[in-house]
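my_file-v9.pdb (PDB, C-alpha atoms, pLDDT in the B column) appears below.
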```pdb
ATOM      1  CA  MET A 219     115.124 225.273  75.148  1.00 93.00           C
ATOM      2  CA  SER A 220     114.215 228.479  76.890  1.00 94.00           C
ATOM      3  CA  LYS A 221     116.781 230.983  78.148  1.00 95.00           C
ATOM      4  CA  ASP A 222     116.161 229.727  81.703  1.00 95.00           C
ATOM      5  CA  GLU A 223     116.804 226.122  80.626  1.00 96.00           C
ATOM      6  CA  PHE A 224     120.065 227.177  78.987  1.00 96.00           C
ATOM      7  CA  LYS A 225     120.976 229.133  82.135  1.00 96.00           C
ATOM      8  CA  ASN A 226     120.574 225.952  84.208  1.00 96.00           C
ATOM      9  CA  LEU A 227     123.189 224.051  82.149  1.00 96.00           C
ATOM     10  CA  PRO A 228     126.659 223.525  83.641  1.00 96.00           C
ATOM     11  CA  ASP A 229     129.297 226.050  82.465  1.00 95.00           C
ATOM     12  CA  VAL A 230     126.654 228.620  81.467  1.00 96.00           C
ATOM     13  CA  THR A 231     127.466 231.858  83.283  1.00 93.00           C
ATOM     14  CA  GLU A 232     127.522 235.615  82.778  1.00 91.00           C
ATOM     15  CA  GLY A 233     124.621 235.789  80.339  1.00 93.00           C
ATOM     16  CA  LEU A 234     125.950 233.088  77.999  1.00 95.00           C
ATOM     17  CA  GLU A 235     122.418 231.663  77.852  1.00 96.00           C
ATOM     18  CA  ASN A 236     121.367 234.759  75.873  1.00 96.00           C
ATOM     19  CA  ARG A 237     124.107 234.261  73.273  1.00 95.00           C
ATOM     20  CA  ILE A 238     123.229 230.556  72.901  1.00 96.00           C
ATOM     21  CA  TYR A 239     119.487 231.223  72.726  1.00 96.00           C
ATOM     22  CA  ASN A 240     119.834 233.983  70.117  1.00 96.00           C
ATOM     23  CA  SER A 241     122.340 232.081  67.963  1.00 96.00           C
ATOM     24  CA  ALA A 242     120.208 228.943  67.978  1.00 94.00           C
ATOM     25  CA  ARG A 243     117.426 230.995  66.411  1.00 95.00           C
ATOM     26  CA  CYS A 244     119.600 232.625  63.746  1.00 96.00           C
ATOM     27  CA  PHE A 245     121.676 229.775  62.325  1.00 95.00           C
ATOM     28  CA  ASN A 246     120.949 226.400  60.721  1.00 92.00           C
ATOM     29  CA  SER A 247     123.891 224.281  61.824  1.00 94.00           C
ATOM     30  CA  LEU A 248     125.659 223.498  65.058  1.00 94.00           C
ATOM     31  CA  GLU A 249     128.951 224.670  63.559  1.00 95.00           C
ATOM     32  CA  GLU A 250     127.487 228.078  62.694  1.00 96.00           C
ATOM     33  CA  ILE A 251     125.972 228.422  66.160  1.00 96.00           C
ATOM     34  CA  LEU A 252     129.229 227.507  67.893  1.00 96.00           C
ATOM     35  CA  PHE A 253     131.332 229.917  65.818  1.00 95.00           C
ATOM     36  CA  ASP A 254     128.826 232.721  66.389  1.00 96.00           C
ATOM     37  CA  ILE A 255     128.991 232.256  70.173  1.00 96.00           C
ATOM     38  CA  LYS A 256     132.739 231.571  70.391  1.00 96.00           C
ATOM     39  CA  THR A 257     134.920 234.288  71.948  1.00 94.00           C
ATOM     40  CA  LYS A 258     138.170 234.324  73.915  1.00 93.00           C
ATOM     41  CA  ARG A 259     136.078 233.844  77.045  1.00 93.00           C
ATOM     42  CA  TYR A 260     133.814 231.142  75.564  1.00 94.00           C
ATOM     43  CA  THR A 261     136.042 228.535  73.900  1.00 95.00           C
ATOM     44  CA  LEU A 262     134.770 225.929  71.453  1.00 95.00           C
ATOM     45  CA  ALA A 263     135.595 223.153  73.937  1.00 95.00           C
ATOM     46  CA  ARG A 264     133.421 224.784  76.596  1.00 96.00           C
ATOM     47  CA  LEU A 265     130.606 225.434  74.126  1.00 96.00           C
ATOM     48  CA  ARG A 266     130.685 221.834  72.895  1.00 95.00           C
ATOM     49  CA  ARG A 267     130.427 220.608  76.497  1.00 95.00           C
ATOM     50  CA  ILE A 268     127.408 222.867  77.006  1.00 96.00           C
ATOM     51  CA  ILE A 269     125.750 221.457  73.866  1.00 94.00           C
ATOM     52  CA  ILE A 270     126.366 217.902  75.137  1.00 94.00           C
ATOM     53  CA  TYR A 271     124.860 218.856  78.517  1.00 95.00           C
ATOM     54  CA  ALA A 272     121.781 220.190  76.695  1.00 95.00           C
ATOM     55  CA  LEU A 273     121.513 217.093  74.502  1.00 93.00           C
ATOM     56  CA  LEU A 274     121.697 214.772  77.506  1.00 94.00           C
ATOM     57  CA  GLY A 275     119.561 216.930  79.804  1.00 93.00           C
ATOM     58  CA  ILE A 276     122.336 217.438  82.370  1.00 95.00           C
ATOM     59  CA  THR A 277     121.797 220.366  84.743  1.00 94.00           C
ATOM     60  CA  LYS A 278     124.002 222.220  87.210  1.00 94.00           C
ATOM     61  CA  ASP A 279     122.210 220.309  89.998  1.00 92.00           C
ATOM     62  CA  ASP A 280     123.183 216.980  88.413  1.00 90.00           C
ATOM     63  CA  LEU A 281     126.874 217.860  88.540  1.00 89.00           C
ATOM     64  CA  SER A 282     126.696 219.058  92.140  1.00 89.00           C
ATOM     65  CA  GLN A 283     125.496 215.660  93.421  1.00 87.00           C
ATOM     66  CA  ASN A 284     127.631 212.818  94.670  1.00 90.00           C
ATOM     67  CA  VAL A 285     128.078 209.823  92.396  1.00 90.00           C
ATOM     68  CA  PRO A 286     125.102 207.509  93.140  1.00 93.00           C
ATOM     69  CA  TYR A 287     126.572 204.214  91.815  1.00 93.00           C
ATOM     70  CA  LEU A 288     129.625 202.562  90.316  1.00 92.00           C
ATOM     71  CA  ARG A 289     129.312 201.015  86.879  1.00 91.00           C
ATOM     72  CA  VAL A 290     131.773 198.345  85.794  1.00 91.00           C
ATOM     73  CA  LEU A 291     132.492 198.290  82.050  1.00 87.00           C
ATOM     74  CA  ALA A 292     135.535 196.008  82.043  1.00 89.00           C
ATOM     75  CA  PHE A 293     138.102 194.623  84.449  1.00 89.00           C
ATOM     76  CA  ASN A 294     141.261 192.539  84.651  1.00 91.00           C
ATOM     77  CA  GLU A 295     142.646 190.374  87.470  1.00 91.00           C
ATOM     78  CA  ILE A 296     143.645 193.367  89.587  1.00 93.00           C
ATOM     79  CA  GLY A 297     140.265 194.985  88.937  1.00 91.00           C
ATOM     80  CA  ALA A 298     138.503 191.801  90.071  1.00 90.00           C
ATOM     81  CA  GLU A 299     140.408 191.978  93.367  1.00 93.00           C
ATOM     82  CA  LEU A 300     139.496 195.646  93.807  1.00 92.00           C
ATOM     83  CA  LEU A 301     135.829 194.920  93.045  1.00 91.00           C
ATOM     84  CA  SER A 302     135.834 192.262  95.732  1.00 91.00           C
ATOM     85  CA  ILE A 303     137.213 194.723  98.280  1.00 93.00           C
ATOM     86  CA  ILE A 304     134.808 197.479  97.233  1.00 92.00           C
ATOM     87  CA  LYS A 305     131.813 195.137  97.473  1.00 90.00           C
ATOM     88  CA  LYS A 306     132.759 194.314 101.065  1.00 92.00           C
ATOM     89  CA  SER A 307     133.569 197.803 102.313  1.00 93.00           C
ATOM     90  CA  GLY A 308     131.937 200.222  99.856  1.00 89.00           C
ATOM     91  CA  THR A 309     128.586 201.915 100.240  1.00 91.00           C
ATOM     92  CA  LEU A 310     127.684 202.618  96.619  1.00 91.00           C
ATOM     93  CA  PRO A 311     125.817 200.089  94.492  1.00 90.00           C
ATOM     94  CA  ILE A 312     128.073 198.398  91.934  1.00 91.00           C
ATOM     95  CA  ILE A 313     126.411 197.802  88.580  1.00 91.00           C
ATOM     96  CA  THR A 314     127.747 194.907  86.563  1.00 88.00           C
ATOM     97  CA  ASN A 315     124.446 194.048  84.839  1.00 88.00           C
ATOM     98  CA  VAL A 316     122.516 197.051  83.520  1.00 89.00           C
ATOM     99  CA  ALA A 317     119.005 195.572  83.806  1.00 87.00           C
ATOM    100  CA  ASP A 318     119.499 194.220  87.337  1.00 88.00           C
ATOM    101  CA  GLY A 319     121.457 197.262  88.484  1.00 87.00           C
ATOM    102  CA  TYR A 320     118.816 199.677  87.260  1.00 86.00           C
ATOM    103  CA  LYS A 321     116.147 197.961  89.352  1.00 88.00           C
ATOM    104  CA  SER A 322     118.190 198.387  92.525  1.00 87.00           C
ATOM    105  CA  LEU A 323     118.686 202.162  92.244  1.00 92.00           C
ATOM    106  CA  ASP A 324     116.682 204.915  93.921  1.00 91.00           C
ATOM    107  CA  ASP A 325     114.895 207.535  91.786  1.00 92.00           C
ATOM    108  CA  ASN A 326     117.803 210.013  91.766  1.00 90.00           C
ATOM    109  CA  ALA A 327     120.334 207.349  90.794  1.00 92.00           C
ATOM    110  CA  LYS A 328     117.940 206.096  88.075  1.00 93.00           C
ATOM    111  CA  ARG A 329     117.797 209.616  86.608  1.00 92.00           C
ATOM    112  CA  ILE A 330     121.609 209.773  86.468  1.00 93.00           C
ATOM    113  CA  PHE A 331     121.746 206.241  85.065  1.00 93.00           C
ATOM    114  CA  ASP A 332     119.233 207.209  82.364  1.00 92.00           C
ATOM    115  CA  ILE A 333     121.604 210.006  81.319  1.00 93.00           C
ATOM    116  CA  ASP A 334     124.461 207.479  81.257  1.00 92.00           C
ATOM    117  CA  LEU A 335     122.458 205.119  79.030  1.00 92.00           C
ATOM    118  CA  ARG A 336     121.331 207.965  76.735  1.00 92.00           C
ATOM    119  CA  ALA A 337     124.957 209.084  76.318  1.00 92.00           C
ATOM    120  CA  SER A 338     125.954 205.536  75.434  1.00 90.00           C
ATOM    121  CA  ASP A 339     123.184 205.286  72.829  1.00 90.00           C
ATOM    122  CA  ILE A 340     124.106 208.615  71.243  1.00 89.00           C
ATOM    123  CA  TYR A 341     127.773 207.620  71.152  1.00 88.00           C
ATOM    124  CA  SER A 342     126.813 204.308  69.510  1.00 84.00           C
ATOM    125  CA  LEU A 343     124.974 206.184  66.767  1.00 83.00           C
ATOM    126  CA  ALA A 344     127.833 208.631  66.204  1.00 82.00           C
ATOM    127  CA  THR A 345     130.626 206.120  65.618  1.00 81.00           C
ATOM    128  CA  ASP A 346     131.659 204.422  62.384  1.00 82.00           C
ATOM    129  CA  ASN A 347     130.484 201.089  63.822  1.00 79.00           C
ATOM    130  CA  ILE A 348     126.856 202.038  64.513  1.00 78.00           C
ATOM    131  CA  LYS A 349     125.151 199.851  67.103  1.00 79.00           C
ATOM    132  CA  LYS A 350     121.520 199.529  68.139  1.00 80.00           C
ATOM    133  CA  CYS A 351     120.286 201.720  70.959  1.00 83.00           C
ATOM    134  CA  GLY A 352     119.854 199.836  74.221  1.00 84.00           C
ATOM    135  CA  GLU A 353     122.892 197.600  73.724  1.00 84.00           C
ATOM    136  CA  ASP A 354     124.009 198.356  77.283  1.00 84.00           C
ATOM    137  CA  PHE A 355     121.260 195.967  78.389  1.00 83.00           C
ATOM    138  CA  THR A 356     122.741 193.064  76.435  1.00 81.00           C
ATOM    139  CA  ARG A 357     126.491 193.839  76.348  1.00 80.00           C
ATOM    140  CA  GLN A 358     128.628 191.711  78.655  1.00 77.00           C
ATOM    141  CA  ILE A 359     131.404 193.109  80.855  1.00 79.00           C
ATOM    142  CA  LYS A 360     134.806 192.669  79.274  1.00 73.00           C
ATOM    143  CA  ALA A 361     137.182 190.657  81.452  1.00 73.00           C
ATOM    144  CA  LYS A 362     140.767 191.112  80.313  1.00 71.00           C
TER     145      LYS A 362
END
```
What does this structure look like when you write it as structure tokens?
Amino acid sequence: MSKDEFKNLPDVTEGLENRIYNSARCFNSLEEILFDIKTKRYTLARLRRIIIYALLGITKDDLSQNVPYLRVLAFNEIGAELLSIIKKSGTLPIITNVADGYKSLDDNAKRIFDIDLRASDIYSLATDNIKKCGEDFTRQIKAK
């Protein structure tokens, strides 16, 4: 990433993009980069969030937008009642099936949804129980 791309990430302020850019070119591991950048002002938690934003391609503009859809991952009896009410009176699309829901979104919502799916794939690869990428398209909602 360029310095300007780093600058456009959420939580990057006060010239932090320069520290990230320079460290990324001097060290070979994420841990080394993070500990080089870390200060009292720039905590490891904040720096890790910034790295996740970079990995997923999330910008400051993305975080300033309203939520473009609701995605249901699981629900119980009370949740089913709430979903019924929201479907009748809500204005946001409710996604219960990834493939069908994706088709119904506008371009901006699709971009946000792509980030959501990418995050899910990366998480699936980073857990002890590794799953195939794209499982969101075949995974069923969990009713409890």
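Rounded to one decimal, atom CA of Gln283 of chain A and atom CA of Ile330 of chain A lie 9.9 Å from each other.
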I'd like the neighbourhood of Ile251 of chain A as a list in words, where a residue qualifies if any of its atoms comes within 12 Å (using all atoms listed in the file), though same-chain residues fewer than 3 positions away should be ignored.
Arg237, Ile238, Tyr239, Asn240, Ser241, Ala242, Arg243, Cys244, Phe245, Asn246, Ser247, Leu248, Asp254, Ile255, Lys256, Leu262, Leu265, Arg266 and Ile269 of chain A
Would you translate the PyMOL selection byres ((chain A and resi 317-320) around 12) into the concrete set of residues it matches in this file, as JSON, numbers by chain?
{"A": [286, 287, 288, 289, 290, 310, 311, 312, 313, 314, 315, 316, 321, 322, 323, 324, 325, 326, 327, 328, 329, 330, 331, 332, 334, 335, 352, 353, 354, 355, 356, 357, 358]}
How big is the axis-aligned box around all listed atoms of segment 241-255 of chain A once 8 Å goes on each side, and where's its centre, in Å to one decimal, as AutoDock Vina command-line options?
```
--center_x 124.4 --center_y 228.1 --center_z 65.4 --size_x 29.9 --size_y 25.2 --size_z 25.5
```
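Picked by the PyMOL selection byres ((chain A and resi 228) around 8) from the coordinates shown: Asn226, Leu227, Asp229, Val230, Ile268, Tyr271, Ile276, Thr277, Lys278 and Leu281 of chain A.
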Where does the PyMOL selection byres ((chain A and resi 359) around 6) land in this file, that is, which residues does it pick, as a list in words?
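Expected selection for the PyMOL selection byres ((chain A and resi 359) around 6) here is Leu291, Ala292, Gln358 and Lys360 of chain A.
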Atom pair atom CA of Asn236 of chain A / atom CA of Ile333 of chain A: separation (Å)
25.3 Å
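Checking A:Leu274, A:Ala337, A:Ala361, A:Met219 one by one against Phe293 of chain A, counting only C-alpha atoms, you find the shortest gap at A:Ala361.
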